[in-house]
Amino acid sequence: MKRRYLSRAALPTVLIHVGLAIGLVFAVFPILWMFFASLKSNTEIFTLPPQLLPKQFTFVAYLAIFHDSTKLRFFFNSYLVAGAVSVLTVLIGIPAAYAFSRFSFRFKHALNVFIISTQTVPPITLLIPYFGMVVTFGIFNTYFALILTYLVFTLPYAILLLTGYLNTLPRELDEAVLVDGGTSWSALWRVIVPLSVPGVVATAVYTFLLAWNEFLFALTLTKSDDMRTVPIGIELLMGQHAFEWNQMMAMSVLGSLPLLLIYLFAQRYFLAGMTAGSVKA
Amino acid sequence: MSLAQEHPIGRPPRIGGLLSYQAKMRLLPFAYVAPAIALFALLMLYPMLAVLRYSLLDRAITKRDAAFVGLDNYQTILTDPVFWQAIGHTLYFTVLSVIFHLLLGLGFALMLNSDRVNPTIRNILRVLYILPWLFTVVIIAIIWRLLLDPEGVVNGVLMSLHIVDFKVEWFSSSSTALHAVTFVNIWAGYPLYMVSLLAGLQGIPRDLYEAASIDGANAWQKFWNVTIPQLAPIMISVALLDFIWTMQVFALVWMTTGGGPIYATEMLSTYTYKLAFSRYQFSQASASAVVILILSMSMTYFYIKHQKAR
């Protein structure tokens, strides 16, 4: 009787552990496969029976990328565009979030609904007119075209996240500045922003990742190799050398580096961004 | 920034310029949101009007003086069987993705929140289970192209277990491609639910479970009558958002199957993209893009209504 009671209590525990183990393989195996494939020689990737670990670790795939200026340029472009987008988004987003957090004004509610709904506008719908506009303005195949169009999906998200953060700061802070004869503008930049560093960092980080991941606009609004970003670079690699799997995997590992580093060292910010109406482009 | 000039509390306002103090105070918040509004006007409102206009012209973008043709482009799109196939594929892809994202996200969240598992293990697994979410869609696509290659490891394992007896061409056979793409999307998307639901689980007050225990509820009844109702608002809002975003899938399909073989995985977005940028039928593509916008916006209406009710 006693034994039966014990085993009945233990059964759910066993099931949960089995479930977690299956889940772990499901979640992690594809990523491990990518990582180790990047350390294999290209001939070793399809050996049978399949082997996760390389028989011979080699960095040929990484060296090939580091010696190819076209591929390095993809990384430079991605860092430049994502960096510029995240700085601009924060600079435009902070004042807007401040207005939403501290003032009541006409159309505030409508504007808020508008900003929430812009997150769900299909990129493909915007792409066709963007293509027309970018050609008309003569900025086709430039960084500027990417930076400008990326703002449209980073900004709504940034305003929502920053407004949420500013709402947690007491209003007395701004009032103290106003009593001392300052303007709300100086209250914002001298008092509120310095106190909002965690919120601003979270916004900047997540904005960077959104821009880093963007595919559709980068595919369509740039043309030459020297303007392509990492995702498009990988797509091109796929078309040109369909069989250099180890290089594509190495490129993927390098392309995931910013996300992995941010996730490991700033998990809190990352999760804050992910759940606050996260947008995955 | 003359609009940003404000007057300290307790001092008489200096009235200057063309605007009264009150008028300035009313306009002040607009000065703060002006850059954002200007951007949205240029990059959101204007393009939406532009795409609507393109969809009513005969040859937008490619012809200088394109003629107004009314709803002709919509008629062309809506009578194209491929368009309806794309709607069907998009619906299949989206509905299955959302259902499995929810089931996996909820299942993992419950297991990771269970007291039966060592807390250190739970914390480590929590970090690892989020990993699929971290990778860019393009990278997810090529990881799975490698895994699901006819010569790849998935076939290798399945064949050695005698589950399949030939090298399945997952992405290039029309009988498996749509399922394969959907599966990859399920793999990539569950962590958002898991993270949101884990946060939700930790927010459920303990007294609710204690009260249920006092009333004699068993574990299943507690799950069904406490956990699920408490998580429902989160599940609904994440699922609605996921539905809208999944409906707009482009990069994953483009990078794995390109909409093929033939039209086997054609989605609304790839259909529209090809019309515009492979066939240069910008007007027809615009009509299709407007249809996608209408579908997205009608879902967004429910999302916003739900957010307000929360």
# chains A, B, ... in the order shown; residues from 1 in each chain; ligands from 1

$ residues_around --residues "Leu231 (chain B)" --least-positions-apart "2" --cutoff "9 Å" --atoms "only C-alpha atoms" --output "PyMOL selection string"
chain B and resi 197+200-201+204+226-229+233-236

$ residues_around --residues "region 295-310 of chain B" --least-positions-apart "4" --cutoff "9 Å" --atoms "only C-alpha atoms" --output "short mmCIF file (atom, residue, chain, number, x, y, z; two decimals) with N, CA and C atoms, in the first residue's frame"
data_model
loop_
_atom_site.label_atom_id
_atom_site.label_comp_id
_atom_site.auth_asym_id
_atom_site.auth_seq_id
_atom_site.Cartn_x
_atom_site.Cartn_y
_atom_site.Cartn_z
N VAL A 113 -3.87 54.47 -29.83
CA VAL A 113 -4.44 53.35 -30.58
C VAL A 113 -3.73 53.22 -31.93
N ILE A 116 -0.35 51.60 -31.44
CA ILE A 116 -0.46 50.16 -31.20
C ILE A 116 -0.79 49.45 -32.51
N SER A 117 -1.68 50.03 -33.30
CA SER A 117 -2.08 49.31 -34.51
C SER A 117 -1.00 49.35 -35.59
N THR A 120 1.00 46.22 -36.34
CA THR A 120 0.45 45.06 -37.04
C THR A 120 0.25 45.33 -38.53
N VAL A 121 0.68 46.49 -39.01
CA VAL A 121 0.57 46.76 -40.45
C VAL A 121 1.53 45.83 -41.19
N PRO A 122 1.04 45.11 -42.21
CA PRO A 122 1.91 44.16 -42.90
C PRO A 122 3.05 44.87 -43.64
N PRO B 233 -6.31 35.94 -20.35
CA PRO B 233 -6.08 37.22 -21.03
C PRO B 233 -4.72 37.28 -21.72
N ILE B 236 -4.86 35.05 -24.89
CA ILE B 236 -5.61 35.65 -26.00
C ILE B 236 -4.80 36.76 -26.65
N SER B 237 -4.19 37.62 -25.85
CA SER B 237 -3.51 38.74 -26.51
C SER B 237 -2.26 38.27 -27.24
N LEU B 240 -3.49 36.52 -30.47
CA LEU B 240 -3.97 37.45 -31.51
C LEU B 240 -2.80 38.11 -32.22
N LEU B 241 -1.82 38.58 -31.43
CA LEU B 241 -0.66 39.23 -32.03
C LEU B 241 0.11 38.24 -32.91
N PHE B 243 -1.10 35.61 -34.36
CA PHE B 243 -1.90 35.34 -35.55
C PHE B 243 -1.63 36.41 -36.62
N ILE B 244 -1.65 37.67 -36.20
CA ILE B 244 -1.45 38.76 -37.15
C ILE B 244 -0.05 38.68 -37.76
N TRP B 245 0.96 38.47 -36.94
CA TRP B 245 2.33 38.44 -37.46
C TRP B 245 2.59 37.21 -38.32
N MET B 247 0.46 35.55 -40.06
CA MET B 247 -0.24 35.75 -41.33
C MET B 247 0.64 36.49 -42.34
N GLN B 248 1.56 37.32 -41.82
CA GLN B 248 2.39 38.15 -42.68
C GLN B 248 3.71 37.48 -43.03
N VAL B 290 -3.40 45.51 -50.41
CA VAL B 290 -4.52 46.15 -49.72
C VAL B 290 -5.40 45.08 -49.06
N VAL B 291 -5.60 43.97 -49.77
CA VAL B 291 -6.39 42.88 -49.18
C VAL B 291 -5.72 42.38 -47.90
#

$ residues_around --residues "region 38-52 of chain A" --least-positions-apart "5" --cutoff "12 Å" --atoms "only C-alpha atoms" --output "ChimeraX atom specification"
/A:29-33,57-65,241-254 /B:143,146-160

$ interface_residues --of "chain A" --to "chain B" --cutoff "6 Å" --atoms "only C-alpha atoms" --output "list in words"
Thr13, Ala27, Pro50, Pro95, Ala96, Ala99, Thr125, Pro129, Leu178, Val179, Gly181, Thr183, Asn213, Pro231 and Ser252 of chain A

$ write_last_selection --atoms "N, CA and C atoms" --output "PDB file, in the first residue's frame"
ATOM      1  N   THR A  13       6.173  13.498 -11.497  1.00  0.00           N
ATOM      2  CA  THR A  13       7.533  14.030 -11.480  1.00  0.00           C
ATOM      3  C   THR A  13       8.357  13.422 -12.611  1.00  0.00           C
ATOM      4  N   ALA A  27      14.345  21.995 -28.611  1.00  0.00           N
ATOM      5  CA  ALA A  27      14.724  23.408 -28.656  1.00  0.00           C
ATOM      6  C   ALA A  27      16.176  23.590 -29.076  1.00  0.00           C
ATOM      7  N   PRO A  50      24.851  10.289 -39.356  1.00  0.00           N
ATOM      8  CA  PRO A  50      25.092  11.679 -38.969  1.00  0.00           C
ATOM      9  C   PRO A  50      25.823  11.778 -37.625  1.00  0.00           C
ATOM     10  N   PRO A  95      11.044  61.883 -26.481  1.00  0.00           N
ATOM     11  CA  PRO A  95      10.092  62.994 -26.315  1.00  0.00           C
ATOM     12  C   PRO A  95       8.642  62.547 -26.489  1.00  0.00           C
ATOM     13  N   ALA A  96       8.403  61.655 -27.454  1.00  0.00           N
ATOM     14  CA  ALA A  96       7.028  61.203 -27.682  1.00  0.00           C
ATOM     15  C   ALA A  96       6.510  60.455 -26.454  1.00  0.00           C
ATOM     16  N   ALA A  99       5.609  62.858 -23.711  1.00  0.00           N
ATOM     17  CA  ALA A  99       4.294  63.486 -23.901  1.00  0.00           C
ATOM     18  C   ALA A  99       3.183  62.533 -23.472  1.00  0.00           C
ATOM     19  N   THR A 125       2.677  45.361 -47.376  1.00  0.00           N
ATOM     20  CA  THR A 125       1.800  46.439 -47.841  1.00  0.00           C
ATOM     21  C   THR A 125       2.575  47.748 -47.970  1.00  0.00           C
ATOM     22  N   PRO A 129       4.732  50.872 -51.851  1.00  0.00           N
ATOM     23  CA  PRO A 129       4.923  52.324 -51.886  1.00  0.00           C
ATOM     24  C   PRO A 129       6.327  52.762 -51.465  1.00  0.00           C
ATOM     25  N   LEU A 178      10.410  72.191 -12.564  1.00  0.00           N
ATOM     26  CA  LEU A 178       9.554  73.306 -12.965  1.00  0.00           C
ATOM     27  C   LEU A 178       9.509  74.367 -11.867  1.00  0.00           C
ATOM     28  N   VAL A 179       9.458  73.920 -10.606  1.00  0.00           N
ATOM     29  CA  VAL A 179       9.436  74.872  -9.485  1.00  0.00           C
ATOM     30  C   VAL A 179      10.715  75.688  -9.462  1.00  0.00           C
ATOM     31  N   GLY A 181      12.202  76.766 -11.877  1.00  0.00           N
ATOM     32  CA  GLY A 181      12.245  77.677 -13.006  1.00  0.00           C
ATOM     33  C   GLY A 181      12.691  77.033 -14.296  1.00  0.00           C
ATOM     34  N   THR A 183      12.279  74.354 -17.661  1.00  0.00           N
ATOM     35  CA  THR A 183      11.202  73.987 -18.568  1.00  0.00           C
ATOM     36  C   THR A 183      11.005  72.475 -18.518  1.00  0.00           C
ATOM     37  N   ASN A 213      17.598  41.983 -37.636  1.00  0.00           N
ATOM     38  CA  ASN A 213      16.894  40.831 -38.194  1.00  0.00           C
ATOM     39  C   ASN A 213      16.118  41.134 -39.464  1.00  0.00           C
ATOM     40  N   PRO A 231      21.423  39.259 -43.139  1.00  0.00           N
ATOM     41  CA  PRO A 231      20.407  38.296 -43.598  1.00  0.00           C
ATOM     42  C   PRO A 231      20.393  38.130 -45.116  1.00  0.00           C
ATOM     43  N   SER A 252      25.988  32.185 -40.092  1.00  0.00           N
ATOM     44  CA  SER A 252      24.836  32.231 -39.197  1.00  0.00           C
ATOM     45  C   SER A 252      25.273  32.391 -37.750  1.00  0.00           C
TER      46      SER A 252
END

$ residues_around --residues "Tyr143 (chain A)" --least-positions-apart "2" --cutoff "12 Å" --atoms "only C-alpha atoms" --output "ChimeraX atom specification"
/A:76-85,134,139-141,145-150,217-218,221-224,226-229

$ write_last_selection --atoms "C-alpha atoms" --output "short mmCIF file (atom, residue, chain, number, x, y, z; two decimals), in the first residue's frame"
data_model
loop_
_atom_site.label_atom_id
_atom_site.label_comp_id
_atom_site.auth_asym_id
_atom_site.auth_seq_id
_atom_site.Cartn_x
_atom_site.Cartn_y
_atom_site.Cartn_z
CA PHE A 76 29.69 46.22 -41.25
CA ASN A 77 26.44 47.24 -42.97
CA SER A 78 24.28 45.43 -40.44
CA TYR A 79 26.06 47.00 -37.47
CA LEU A 80 25.92 50.44 -39.05
CA VAL A 81 22.24 50.32 -40.00
CA ALA A 82 21.07 48.69 -36.76
CA GLY A 83 23.19 51.08 -34.68
CA ALA A 84 21.87 54.17 -36.47
CA VAL A 85 18.29 52.93 -36.25
CA VAL A 134 12.79 55.39 -52.38
CA ILE A 139 17.84 56.90 -52.16
CA PHE A 140 17.43 53.41 -53.63
CA ASN A 141 20.33 51.14 -52.58
CA ALA A 145 16.64 54.03 -47.30
CA LEU A 146 17.02 51.20 -44.79
CA ILE A 147 17.45 53.42 -41.73
CA LEU A 148 14.43 55.53 -42.61
CA THR A 149 12.09 52.65 -43.34
CA TYR A 150 13.20 50.63 -40.30
CA PHE A 217 13.01 45.81 -46.84
CA ALA A 218 16.72 45.03 -47.04
CA LEU A 221 15.46 48.44 -51.16
CA THR A 222 19.13 47.58 -51.72
CA LYS A 223 20.71 46.06 -54.78
CA SER A 224 24.51 45.97 -54.77
CA ASP A 226 28.24 46.57 -50.77
CA MET A 227 24.84 47.66 -49.39
CA ARG A 228 23.55 44.26 -48.32
CA THR A 229 23.02 43.33 -44.67
#

$ select_by_dssp --residues "region 28-238 of chain B" --states "alpha helix (DSSP H)" --output "ChimeraX atom specification"
/B:28-40,46-54,72-78,81-112,119-129,131-134,137-147,153-160,177-202,206-214,219-222,228-238

$ residues_around --residues "Asp58 (chain B)" --least-positions-apart "6" --cutoff "6 Å" --atoms "only C-alpha atoms" --output "list in words"
Ala66, Ala67 and Val69 of chain B

$ atom_distance --atom1 "CA of Ile128 (chain A)" --atom2 "CA of Thr220 (chain A)"
9.4 Å
